[in-house]
Amino acid sequence: MKPFLLSDALRAVGGRFFGDEAALGREVTRVTSDSRDAGPGALFFAFKGNRVDGHNFMAGCIEKGAAGCVSEREPAESERPAIVVESSLKAAGALAAWHRGRFDIPVVGITGSVGKTTTKEMVAAVLSQRFNTHKTEKNFNNELGVPRTLLRLDEKHEAAVVEMGISGFGEMRRLTNMVRPTIAVFSVIGDAHLEFLGDRKGVLRAKSEIFEGMDKNALAVLNGDDALLAGCKPNMRRVLYGLGENCDVRAENVRNLGEDGIALTICHARDAFEARIPAFGSHMVYAALAAAAVGLELGLTDEEIARGIAAYRTVGDRARVLHAGDVTVISDCYNANPNSCRAALDSLAAMPGRRVCVLGDMLELGEQTAALHSGVGEYAARLGVEQIVACGALSRHIYEGAKAAGGDAAYYPDKAALLGDLPALIRPGDTVLVKASHSMAFEEIVERLVER
């Protein structure tokens, strides 16, 4: 992190200072909410969580030499120096926004309903071929995670890629006030967080709040194959990417190589070049095209972009391919909504051998929950997936949709019931997709498949 003084933090968050004023000259070299990391140079933010209250650790942080604390209550003598604010969360955002303003570099904001983390990693892989690129760790993409990302910006960084996730109206506006992206990338507008946003038009409206906080000279990079995004006309330049003829950055001659990845030709106004994506899943094409569009905007050569795409690596349990003896397992347990499930099923359908999908509940779909689950089951059946396994209370609708479409489907109300039957469901040579919302903890199913 680019260091600053405790006095700078005080001005940025607008709080009240408690302690010896000489402490305002202390240098802050990192910001943390983990008391274990709160040694010399640390500014400790005390957050009150459901199980742990960070305020209880302030005295220990000061004892370990922390530069100071940010607190929502007046500190005891042993907890000073401290800056008292109304909300530690809002203060973290204010400090992050101030720190972001210290950097005159390209900042790419990544949003969308599906594929944000994949797109973030792909864009960062491409930009890293030319720039020292800072990026969001894991999926720290909300009002707590984005400040963490921004506050790690350092003098060495020449570009940044920041994932921006929301679930309600107003959140994107607050995130944008911190990030102030010079380029905004939209992956797709899908059926996610409908419980809070209503429908896809509501999703687009909420995510489009990003444009309100961007400069008129900024760029919007939009998925041109998404009807809502193709029709989106922000008050700035836009570039469309996708497979359609309307797209400025387009993929042609796409070859699905199964678990070996995808080969494609990327076409743009000046030229066309070959690229190879070293990851499973047809949806990866869109991440590569978005990264190419950003790279072209920032002056990278075709060769640099192709090299960056080839350097992409899968993060966590996102379409991770595992070999378990004579069975191939696709672990895609990080999250799920109808769009990402269909994309995963498309990729499964391109795999050899007998295809099996183990699908679980998709959350936060509101009034459309039953219909959207049923639609995924029907889609799997129509694709020709040989064995469809639905597990979870909501997933009964996946089973019913699959059966109605003529699919071979089985239903289990919970994981315990499924795990008992799992050996009988899987045959040698099968490729098995495991996908559900993260809270379903389907990693346990993956582990059982790998251990069989």
# chains A, B, ... in the order shown; residues from 1 in each chain; ligands from 1
call {"tool": "residues_around", "arguments": {"residues": "region 363-367 of chain A", "least_positions_apart": "3", "cutoff": "12 Å", "atoms": "only C-alpha atoms", "output": "mmCIF file with C-alpha atoms, in the first residue's frame"}}
result
data_model
loop_
_atom_site.group_PDB
_atom_site.id
_atom_site.type_symbol
_atom_site.label_atom_id
_atom_site.label_comp_id
_atom_site.auth_asym_id
_atom_site.auth_seq_id
_atom_site.Cartn_x
_atom_site.Cartn_y
_atom_site.Cartn_z
ATOM 1 C CA SER A 167 -27.499 -7.340 -4.717
ATOM 2 C CA GLY A 168 -29.640 -4.201 -4.372
ATOM 3 C CA GLY A 190 -29.017 -12.469 -15.929
ATOM 4 C CA ASP A 191 -31.400 -13.914 -13.367
ATOM 5 C CA ALA A 192 -29.437 -13.108 -10.214
ATOM 6 C CA HIS A 193 -30.625 -11.340 -7.029
ATOM 7 C CA LEU A 194 -34.138 -11.111 -8.480
ATOM 8 C CA GLU A 195 -35.486 -11.258 -4.934
ATOM 9 C CA PHE A 196 -34.156 -7.708 -4.497
ATOM 10 C CA LEU A 197 -34.009 -6.368 -8.070
ATOM 11 C CA GLY A 198 -37.271 -7.710 -9.491
ATOM 12 C CA ASP A 199 -36.357 -8.700 -13.034
ATOM 13 C CA ARG A 200 -33.541 -8.402 -15.574
ATOM 14 C CA VAL A 203 -30.678 -5.846 -12.651
ATOM 15 C CA ASN A 335 -22.146 -20.120 -7.095
ATOM 16 C CA ALA A 336 -25.115 -20.700 -9.361
ATOM 17 C CA ASN A 337 -27.948 -18.935 -11.100
ATOM 18 C CA PRO A 338 -29.960 -19.967 -14.169
ATOM 19 C CA ASN A 339 -27.570 -18.312 -16.623
ATOM 20 C CA GLY A 360 -28.569 -27.916 -6.369
ATOM 21 C CA ALA A 370 -39.891 -22.404 -9.224
ATOM 22 C CA ALA A 371 -40.027 -21.519 -12.929
ATOM 23 C CA LEU A 372 -36.312 -20.766 -13.195
ATOM 24 C CA HIS A 373 -35.319 -24.025 -11.486
ATOM 25 C CA GLY A 392 -32.157 -29.682 -2.328
ATOM 26 C CA ALA A 393 -35.581 -28.341 -1.425
ATOM 27 C CA LEU A 394 -35.808 -25.932 -4.374
ATOM 28 C CA SER A 395 -34.217 -28.399 -6.758
ATOM 29 C CA ALA A 436 -25.188 -25.161 -6.901
ATOM 30 C CA SER A 437 -25.268 -21.944 -4.928
ATOM 31 C CA HIS A 438 -22.302 -21.682 -2.574
ATOM 32 C CA SER A 439 -24.364 -22.068 0.593
ATOM 33 C CA MET A 440 -25.334 -25.590 -0.510
#
call {"tool": "residues_around", "arguments": {"residues": "Ile166 (chain A)", "least_positions_apart": "6", "cutoff": "10 Å", "atoms": "only C-alpha atoms", "output": "ChimeraX atom specification"}}
result
/A:111-113,141-143,172-173,175,192-193,203,206-207
call {"tool": "residues_around", "arguments": {"residues": "Thr32 (chain A)", "least_positions_apart": "6", "cutoff": "7 Å", "atoms": "only C-alpha atoms", "output": "list in words"}}
result
Ala38, Ala42, Leu43, Phe44 and Phe45 of chain A
call {"tool": "write_last_selection", "arguments": {"atoms": "N, CA and C atoms", "output": "mmCIF file, in the first residue's frame"}}
result
data_model
loop_
_atom_site.group_PDB
_atom_site.id
_atom_site.type_symbol
_atom_site.label_atom_id
_atom_site.label_comp_id
_atom_site.auth_asym_id
_atom_site.auth_seq_id
_atom_site.Cartn_x
_atom_site.Cartn_y
_atom_site.Cartn_z
ATOM 1 N N ALA A 38 -2.418 -6.508 13.045
ATOM 2 C CA ALA A 38 -2.397 -5.099 13.471
ATOM 3 C C ALA A 38 -1.141 -4.749 14.252
ATOM 4 N N ALA A 42 -0.024 -0.401 11.091
ATOM 5 C CA ALA A 42 -1.381 -0.818 10.721
ATOM 6 C C ALA A 42 -2.421 0.172 11.241
ATOM 7 N N LEU A 43 -3.430 0.415 10.418
ATOM 8 C CA LEU A 43 -4.628 1.132 10.852
ATOM 9 C C LEU A 43 -5.723 0.083 10.968
ATOM 10 N N PHE A 44 -6.204 -0.142 12.185
ATOM 11 C CA PHE A 44 -7.167 -1.209 12.452
ATOM 12 C C PHE A 44 -8.585 -0.669 12.417
ATOM 13 N N PHE A 45 -9.428 -1.250 11.551
ATOM 14 C CA PHE A 45 -10.849 -0.911 11.484
ATOM 15 C C PHE A 45 -11.626 -1.903 12.333
#
call {"tool": "closest_residue", "arguments": {"among": "A:Pro423, A:Gly202, A:Gly377, A:Pro147", "to": "Gly170 (chain A)", "atoms": "only C-alpha atoms"}}
result
A:Gly202
call {"tool": "residues_around", "arguments": {"residues": "Gly60 (chain A)", "least_positions_apart": "3", "cutoff": "10 Å", "atoms": "only C-alpha atoms", "output": "list in words"}}
result
Ser35, Arg36, Ala38, Gly39, Asn56, Phe57, Glu63, Lys64, Gly65, Ala66, Ser78 and Glu79 of chain A
call {"tool": "write_last_selection", "arguments": {"atoms": "C-alpha atoms", "output": "JSON list (two decimals), in the first residue's frame"}}
result
[["chain", "number", "residue", "atom", "x", "y", "z"],
["A", 35, "SER", "CA", -6.33, -7.85, 14.78],
["A", 36, "ARG", "CA", -3.69, -10.54, 14.12],
["A", 38, "ALA", "CA", -2.40, -5.10, 13.47],
["A", 39, "GLY", "CA", 1.28, -4.49, 14.24],
["A", 56, "ASN", "CA", -12.97, -5.85, 21.66],
["A", 57, "PHE", "CA", -9.54, -6.14, 20.02],
["A", 63, "GLU", "CA", -0.40, -2.68, 22.43],
["A", 64, "LYS", "CA", 1.15, -4.39, 19.37],
["A", 65, "GLY", "CA", 2.13, -0.99, 17.95],
["A", 66, "ALA", "CA", -0.69, -0.24, 15.52],
["A", 78, "SER", "CA", -5.73, 1.84, 26.12],
["A", 79, "GLU", "CA", -7.49, 1.91, 22.73]]
call {"tool": "residues_around", "arguments": {"residues": "Asp260 (chain A)", "least_positions_apart": "2", "cutoff": "10 Å", "atoms": "only C-alpha atoms", "output": "list in words"}}
result
Asn256, Leu257, Gly258, Ile262, Ala263, Arg276, Ile277, Pro278, Ala279, Phe280, Gly281 and Val321 of chain A
call {"tool": "write_last_selection", "arguments": {"atoms": "N, CA and C atoms", "output": "mmCIF file, in the first residue's frame"}}
result
data_model
loop_
_atom_site.group_PDB
_atom_site.id
_atom_site.type_symbol
_atom_site.label_atom_id
_atom_site.label_comp_id
_atom_site.auth_asym_id
_atom_site.auth_seq_id
_atom_site.Cartn_x
_atom_site.Cartn_y
_atom_site.Cartn_z
ATOM 1 N N ASN A 256 -14.235 -25.850 -29.391
ATOM 2 C CA ASN A 256 -14.273 -26.342 -28.019
ATOM 3 C C ASN A 256 -13.409 -27.593 -27.928
ATOM 4 N N LEU A 257 -12.358 -27.525 -27.121
ATOM 5 C CA LEU A 257 -11.408 -28.624 -26.987
ATOM 6 C C LEU A 257 -11.653 -29.437 -25.721
ATOM 7 N N GLY A 258 -12.868 -29.321 -25.154
ATOM 8 C CA GLY A 258 -13.185 -30.035 -23.929
ATOM 9 C C GLY A 258 -12.376 -29.504 -22.768
ATOM 10 N N ILE A 262 -10.256 -23.879 -25.115
ATOM 11 C CA ILE A 262 -10.970 -23.360 -26.285
ATOM 12 C C ILE A 262 -9.975 -22.627 -27.181
ATOM 13 N N ALA A 263 -10.083 -22.859 -28.478
ATOM 14 C CA ALA A 263 -9.313 -22.094 -29.459
ATOM 15 C C ALA A 263 -10.287 -21.208 -30.219
ATOM 16 N N ARG A 276 -5.824 -18.931 -27.523
ATOM 17 C CA ARG A 276 -6.135 -20.219 -26.889
ATOM 18 C C ARG A 276 -6.447 -19.968 -25.417
ATOM 19 N N ILE A 277 -7.628 -20.381 -24.981
ATOM 20 C CA ILE A 277 -8.039 -20.228 -23.578
ATOM 21 C C ILE A 277 -7.770 -21.549 -22.870
ATOM 22 N N PRO A 278 -6.914 -21.572 -21.850
ATOM 23 C CA PRO A 278 -6.564 -22.832 -21.198
ATOM 24 C C PRO A 278 -7.528 -23.202 -20.073
ATOM 25 N N ALA A 279 -8.832 -23.149 -20.342
ATOM 26 C CA ALA A 279 -9.818 -23.413 -19.292
ATOM 27 C C ALA A 279 -11.062 -24.018 -19.919
ATOM 28 N N PHE A 280 -11.764 -24.811 -19.118
ATOM 29 C CA PHE A 280 -12.979 -25.495 -19.551
ATOM 30 C C PHE A 280 -14.159 -24.536 -19.569
ATOM 31 N N GLY A 281 -15.024 -24.658 -20.562
ATOM 32 C CA GLY A 281 -16.286 -23.922 -20.556
ATOM 33 C C GLY A 281 -16.435 -22.947 -21.710
ATOM 34 N N VAL A 321 -11.647 -28.784 -13.355
ATOM 35 C CA VAL A 321 -11.721 -30.151 -13.865
ATOM 36 C C VAL A 321 -10.806 -31.044 -13.035
#
call {"tool": "residues_around", "arguments": {"residues": "Pro106 (chain A)", "least_positions_apart": "3", "cutoff": "8 Å", "atoms": "only C-alpha atoms", "output": "list in words"}}
result
Glu158, Ala159, Ala160, Pro181, Thr182 and Ile183 of chain A
call {"tool": "write_last_selection", "arguments": {"atoms": "C-alpha atoms", "output": "PDB file, in the first residue's frame"}}
result
ATOM      1  CA  GLU A 158       0.215   0.778 -13.306  1.00  0.00           C
ATOM      2  CA  ALA A 159      -3.349  -0.547 -13.730  1.00  0.00           C
ATOM      3  CA  ALA A 160      -6.083  -2.029 -11.547  1.00  0.00           C
ATOM      4  CA  PRO A 181     -13.478   3.218 -13.063  1.00  0.00           C
ATOM      5  CA  THR A 182     -12.001   4.520 -16.291  1.00  0.00           C
ATOM      6  CA  ILE A 183     -13.366   1.417 -18.043  1.00  0.00           C
TER       7      ILE A 183
END
call {"tool": "select_by_dssp", "arguments": {"residues": "region 270-307 of chain A", "states": "strand (DSSP E or B)", "output": "list in words"}}
result
Ala272, Phe273, Glu274, Ala275, Arg276 and Ile277 of chain A
call {"tool": "write_last_selection", "arguments": {"atoms": "N, CA and C atoms", "output": "PDB file, in the first residue's frame"}}
result
ATOM      1  N   ALA A 272      -7.123  -9.469 -37.003  1.00  0.00           N
ATOM      2  CA  ALA A 272      -7.654 -10.678 -36.373  1.00  0.00           C
ATOM      3  C   ALA A 272      -6.465 -11.521 -35.933  1.00  0.00           C
ATOM      4  N   PHE A 273      -6.639 -12.256 -34.829  1.00  0.00           N
ATOM      5  CA  PHE A 273      -5.529 -13.076 -34.339  1.00  0.00           C
ATOM      6  C   PHE A 273      -6.067 -14.314 -33.633  1.00  0.00           C
ATOM      7  N   GLU A 274      -5.216 -15.331 -33.542  1.00  0.00           N
ATOM      8  CA  GLU A 274      -5.581 -16.579 -32.906  1.00  0.00           C
ATOM      9  C   GLU A 274      -5.297 -16.510 -31.410  1.00  0.00           C
ATOM     10  N   ALA A 275      -6.156 -17.151 -30.633  1.00  0.00           N
ATOM     11  CA  ALA A 275      -5.959 -17.201 -29.190  1.00  0.00           C
ATOM     12  C   ALA A 275      -6.376 -18.577 -28.680  1.00  0.00           C
ATOM     13  N   ARG A 276      -5.824 -18.931 -27.523  1.00  0.00           N
ATOM     14  CA  ARG A 276      -6.135 -20.219 -26.889  1.00  0.00           C
ATOM     15  C   ARG A 276      -6.447 -19.968 -25.417  1.00  0.00           C
ATOM     16  N   ILE A 277      -7.628 -20.381 -24.981  1.00  0.00           N
ATOM     17  CA  ILE A 277      -8.039 -20.228 -23.578  1.00  0.00           C
ATOM     18  C   ILE A 277      -7.770 -21.549 -22.870  1.00  0.00           C
TER      19      ILE A 277
END
call {"tool": "residues_around", "arguments": {"residues": "Ala343 (chain A)", "least_positions_apart": "2", "cutoff": "8 Å", "atoms": "only C-alpha atoms", "output": "mmCIF file with C-alpha atoms, in the first residue's frame"}}
result
data_model
loop_
_atom_site.group_PDB
_atom_site.id
_atom_site.type_symbol
_atom_site.label_atom_id
_atom_site.label_comp_id
_atom_site.auth_asym_id
_atom_site.auth_seq_id
_atom_site.Cartn_x
_atom_site.Cartn_y
_atom_site.Cartn_z
ATOM 1 C CA GLY A 281 -16.286 -23.922 -20.556
ATOM 2 C CA SER A 282 -17.756 -22.220 -23.601
ATOM 3 C CA HIS A 283 -18.563 -19.154 -21.467
ATOM 4 C CA ASN A 339 -27.570 -18.312 -16.623
ATOM 5 C CA SER A 340 -24.412 -19.829 -15.182
ATOM 6 C CA CYS A 341 -26.110 -23.247 -14.936
ATOM 7 C CA LEU A 345 -24.507 -27.452 -19.047
ATOM 8 C CA ASP A 346 -23.510 -26.261 -22.531
ATOM 9 C CA SER A 347 -19.895 -27.011 -21.671
#
call {"tool": "atom_distance", "arguments": {"atom1": "CA of Asn132 (chain A)", "atom2": "CA of Pro3 (chain A)"}}
result
18.4 Å
call {"tool": "select_by_dssp", "arguments": {"residues": "region 38-189 of chain A", "states": "helix (DSSP H, G or I)", "output": "ChimeraX atom specification"}}
result
/A:54-63,77-79,88-100,116-127,145-150,171-179
call {"tool": "atom_distance", "arguments": {"atom1": "CA of Gly213 (chain A)", "atom2": "CA of Arg180 (chain A)"}}
result
6.2 Å
call {"tool": "closest_residue", "arguments": {"among": "A:Val13, A:Leu359, A:Ala82, A:Met58", "to": "Val389 (chain A)", "atoms": "only C-alpha atoms"}}
result
A:Leu359
call {"tool": "decode", "arguments": {"residues": "region 56-95 of chain A", "atoms": "N, CA and C atoms", "output": "PDB file, in the first residue's frame"}}
result
ATOM      1  N   ASN A  56     -13.559  -5.153  20.513  1.00  0.00           N
ATOM      2  CA  ASN A  56     -12.968  -5.846  21.656  1.00  0.00           C
ATOM      3  C   ASN A  56     -11.473  -6.098  21.490  1.00  0.00           C
ATOM      4  N   PHE A  57     -10.947  -5.846  20.293  1.00  0.00           N
ATOM      5  CA  PHE A  57      -9.541  -6.135  20.018  1.00  0.00           C
ATOM      6  C   PHE A  57      -8.700  -4.865  19.844  1.00  0.00           C
ATOM      7  N   MET A  58      -9.327  -3.711  20.014  1.00  0.00           N
ATOM      8  CA  MET A  58      -8.613  -2.459  19.779  1.00  0.00           C
ATOM      9  C   MET A  58      -7.415  -2.284  20.709  1.00  0.00           C
ATOM     10  N   ALA A  59      -7.596  -2.539  21.998  1.00  0.00           N
ATOM     11  CA  ALA A  59      -6.508  -2.358  22.960  1.00  0.00           C
ATOM     12  C   ALA A  59      -5.324  -3.244  22.605  1.00  0.00           C
ATOM     13  N   GLY A  60      -5.602  -4.480  22.198  1.00  0.00           N
ATOM     14  CA  GLY A  60      -4.524  -5.384  21.803  1.00  0.00           C
ATOM     15  C   GLY A  60      -3.783  -4.896  20.585  1.00  0.00           C
ATOM     16  N   CYS A  61      -4.501  -4.283  19.645  1.00  0.00           N
ATOM     17  CA  CYS A  61      -3.857  -3.741  18.443  1.00  0.00           C
ATOM     18  C   CYS A  61      -2.914  -2.592  18.803  1.00  0.00           C
ATOM     19  N   ILE A  62      -3.367  -1.692  19.667  1.00  0.00           N
ATOM     20  CA  ILE A  62      -2.523  -0.574  20.093  1.00  0.00           C
ATOM     21  C   ILE A  62      -1.302  -1.097  20.850  1.00  0.00           C
ATOM     22  N   GLU A  63      -1.508  -2.110  21.668  1.00  0.00           N
ATOM     23  CA  GLU A  63      -0.397  -2.685  22.429  1.00  0.00           C
ATOM     24  C   GLU A  63       0.657  -3.277  21.493  1.00  0.00           C
ATOM     25  N   LYS A  64       0.216  -3.807  20.330  1.00  0.00           N
ATOM     26  CA  LYS A  64       1.152  -4.395  19.372  1.00  0.00           C
ATOM     27  C   LYS A  64       1.815  -3.349  18.483  1.00  0.00           C
ATOM     28  N   GLY A  65       1.463  -2.055  18.684  1.00  0.00           N
ATOM     29  CA  GLY A  65       2.127  -0.993  17.952  1.00  0.00           C
ATOM     30  C   GLY A  65       1.380  -0.451  16.757  1.00  0.00           C
ATOM     31  N   ALA A  66       0.096  -0.759  16.646  1.00  0.00           N
ATOM     32  CA  ALA A  66      -0.686  -0.239  15.522  1.00  0.00           C
ATOM     33  C   ALA A  66      -0.662   1.281  15.509  1.00  0.00           C
ATOM     34  N   ALA A  67      -0.710   1.861  14.305  1.00  0.00           N
ATOM     35  CA  ALA A  67      -0.700   3.321  14.175  1.00  0.00           C
ATOM     36  C   ALA A  67      -1.957   3.932  14.770  1.00  0.00           C
ATOM     37  N   GLY A  68      -3.054   3.198  14.759  1.00  0.00           N
ATOM     38  CA  GLY A  68      -4.299   3.708  15.305  1.00  0.00           C
ATOM     39  C   GLY A  68      -5.457   2.792  14.980  1.00  0.00           C
ATOM     40  N   CYS A  69      -6.637   3.169  15.461  1.00  0.00           N
ATOM     41  CA  CYS A  69      -7.854   2.387  15.238  1.00  0.00           C
ATOM     42  C   CYS A  69      -8.954   3.288  14.690  1.00  0.00           C
ATOM     43  N   VAL A  70      -9.896   2.700  13.978  1.00  0.00           N
ATOM     44  CA  VAL A  70     -11.126   3.365  13.572  1.00  0.00           C
ATOM     45  C   VAL A  70     -12.261   2.647  14.286  1.00  0.00           C
ATOM     46  N   SER A  71     -13.061   3.407  15.025  1.00  0.00           N
ATOM     47  CA  SER A  71     -14.027   2.822  15.948  1.00  0.00           C
ATOM     48  C   SER A  71     -15.382   3.496  15.818  1.00  0.00           C
ATOM     49  N   GLU A  72     -16.440   2.763  16.194  1.00  0.00           N
ATOM     50  CA  GLU A  72     -17.786   3.334  16.221  1.00  0.00           C
ATOM     51  C   GLU A  72     -18.177   3.785  17.627  1.00  0.00           C
ATOM     52  N   ARG A  73     -17.295   3.629  18.583  1.00  0.00           N
ATOM     53  CA  ARG A  73     -17.575   4.097  19.946  1.00  0.00           C
ATOM     54  C   ARG A  73     -16.347   4.823  20.498  1.00  0.00           C
ATOM     55  N   GLU A  74     -16.566   5.631  21.530  1.00  0.00           N
ATOM     56  CA  GLU A  74     -15.462   6.371  22.130  1.00  0.00           C
ATOM     57  C   GLU A  74     -14.483   5.398  22.775  1.00  0.00           C
ATOM     58  N   PRO A  75     -13.188   5.525  22.481  1.00  0.00           N
ATOM     59  CA  PRO A  75     -12.220   4.541  22.955  1.00  0.00           C
ATOM     60  C   PRO A  75     -11.757   4.803  24.377  1.00  0.00           C
ATOM     61  N   ALA A  76     -11.393   3.732  25.061  1.00  0.00           N
ATOM     62  CA  ALA A  76     -10.717   3.862  26.350  1.00  0.00           C
ATOM     63  C   ALA A  76      -9.282   4.335  26.105  1.00  0.00           C
ATOM     64  N   GLU A  77      -8.611   4.737  27.155  1.00  0.00           N
ATOM     65  CA  GLU A  77      -7.232   5.228  27.017  1.00  0.00           C
ATOM     66  C   GLU A  77      -6.341   4.191  26.349  1.00  0.00           C
ATOM     67  N   SER A  78      -6.568   2.912  26.680  1.00  0.00           N
ATOM     68  CA  SER A  78      -5.729   1.844  26.120  1.00  0.00           C
ATOM     69  C   SER A  78      -6.018   1.564  24.655  1.00  0.00           C
ATOM     70  N   GLU A  79      -7.085   2.162  24.119  1.00  0.00           N
ATOM     71  CA  GLU A  79      -7.487   1.913  22.731  1.00  0.00           C
ATOM     72  C   GLU A  79      -7.151   3.082  21.819  1.00  0.00           C
ATOM     73  N   ARG A  80      -6.394   4.051  22.324  1.00  0.00           N
ATOM     74  CA  ARG A  80      -6.052   5.244  21.555  1.00  0.00           C
ATOM     75  C   ARG A  80      -4.604   5.174  21.071  1.00  0.00           C
ATOM     76  N   PRO A  81      -4.293   5.859  19.942  1.00  0.00           N
ATOM     77  CA  PRO A  81      -5.120   6.804  19.200  1.00  0.00           C
ATOM     78  C   PRO A  81      -6.211   6.108  18.385  1.00  0.00           C
ATOM     79  N   ALA A  82      -7.332   6.793  18.280  1.00  0.00           N
ATOM     80  CA  ALA A  82      -8.472   6.233  17.556  1.00  0.00           C
ATOM     81  C   ALA A  82      -9.271   7.341  16.889  1.00  0.00           C
ATOM     82  N   ILE A  83      -9.866   6.989  15.752  1.00  0.00           N
ATOM     83  CA  ILE A  83     -10.770   7.884  15.028  1.00  0.00           C
ATOM     84  C   ILE A  83     -12.170   7.311  15.189  1.00  0.00           C
ATOM     85  N   VAL A  84     -13.068   8.091  15.748  1.00  0.00           N
ATOM     86  CA  VAL A  84     -14.434   7.618  16.000  1.00  0.00           C
ATOM     87  C   VAL A  84     -15.342   8.087  14.864  1.00  0.00           C
ATOM     88  N   VAL A  85     -16.072   7.159  14.287  1.00  0.00           N
ATOM     89  CA  VAL A  85     -16.950   7.438  13.150  1.00  0.00           C
ATOM     90  C   VAL A  85     -18.334   6.858  13.440  1.00  0.00           C
ATOM     91  N   GLU A  86     -19.307   7.288  12.660  1.00  0.00           N
ATOM     92  CA  GLU A  86     -20.665   6.755  12.817  1.00  0.00           C
ATOM     93  C   GLU A  86     -20.746   5.321  12.324  1.00  0.00           C
ATOM     94  N   SER A  87     -20.040   5.030  11.223  1.00  0.00           N
ATOM     95  CA  SER A  87     -20.066   3.695  10.636  1.00  0.00           C
ATOM     96  C   SER A  87     -18.663   3.338  10.151  1.00  0.00           C
ATOM     97  N   SER A  88     -18.124   2.253  10.666  1.00  0.00           N
ATOM     98  CA  SER A  88     -16.798   1.808  10.213  1.00  0.00           C
ATOM     99  C   SER A  88     -16.836   1.406   8.744  1.00  0.00           C
ATOM    100  N   LEU A  89     -17.954   0.835   8.298  1.00  0.00           N
ATOM    101  CA  LEU A  89     -18.076   0.429   6.897  1.00  0.00           C
ATOM    102  C   LEU A  89     -18.020   1.646   5.982  1.00  0.00           C
ATOM    103  N   LYS A  90     -18.792   2.684   6.306  1.00  0.00           N
ATOM    104  CA  LYS A  90     -18.771   3.897   5.485  1.00  0.00           C
ATOM    105  C   LYS A  90     -17.407   4.572   5.541  1.00  0.00           C
ATOM    106  N   ALA A  91     -16.766   4.534   6.707  1.00  0.00           N
ATOM    107  CA  ALA A  91     -15.444   5.139   6.845  1.00  0.00           C
ATOM    108  C   ALA A  91     -14.417   4.409   5.981  1.00  0.00           C
ATOM    109  N   ALA A  92     -14.504   3.079   5.925  1.00  0.00           N
ATOM    110  CA  ALA A  92     -13.591   2.312   5.076  1.00  0.00           C
ATOM    111  C   ALA A  92     -13.780   2.697   3.616  1.00  0.00           C
ATOM    112  N   GLY A  93     -15.039   2.881   3.207  1.00  0.00           N
ATOM    113  CA  GLY A  93     -15.311   3.305   1.840  1.00  0.00           C
ATOM    114  C   GLY A  93     -14.772   4.688   1.549  1.00  0.00           C
ATOM    115  N   ALA A  94     -14.914   5.609   2.502  1.00  0.00           N
ATOM    116  CA  ALA A  94     -14.408   6.973   2.323  1.00  0.00           C
ATOM    117  C   ALA A  94     -12.889   6.989   2.225  1.00  0.00           C
ATOM    118  N   LEU A  95     -12.224   6.190   3.060  1.00  0.00           N
ATOM    119  CA  LEU A  95     -10.763   6.129   3.008  1.00  0.00           C
ATOM    120  C   LEU A  95     -10.307   5.503   1.697  1.00  0.00           C
TER     121      LEU A  95
END
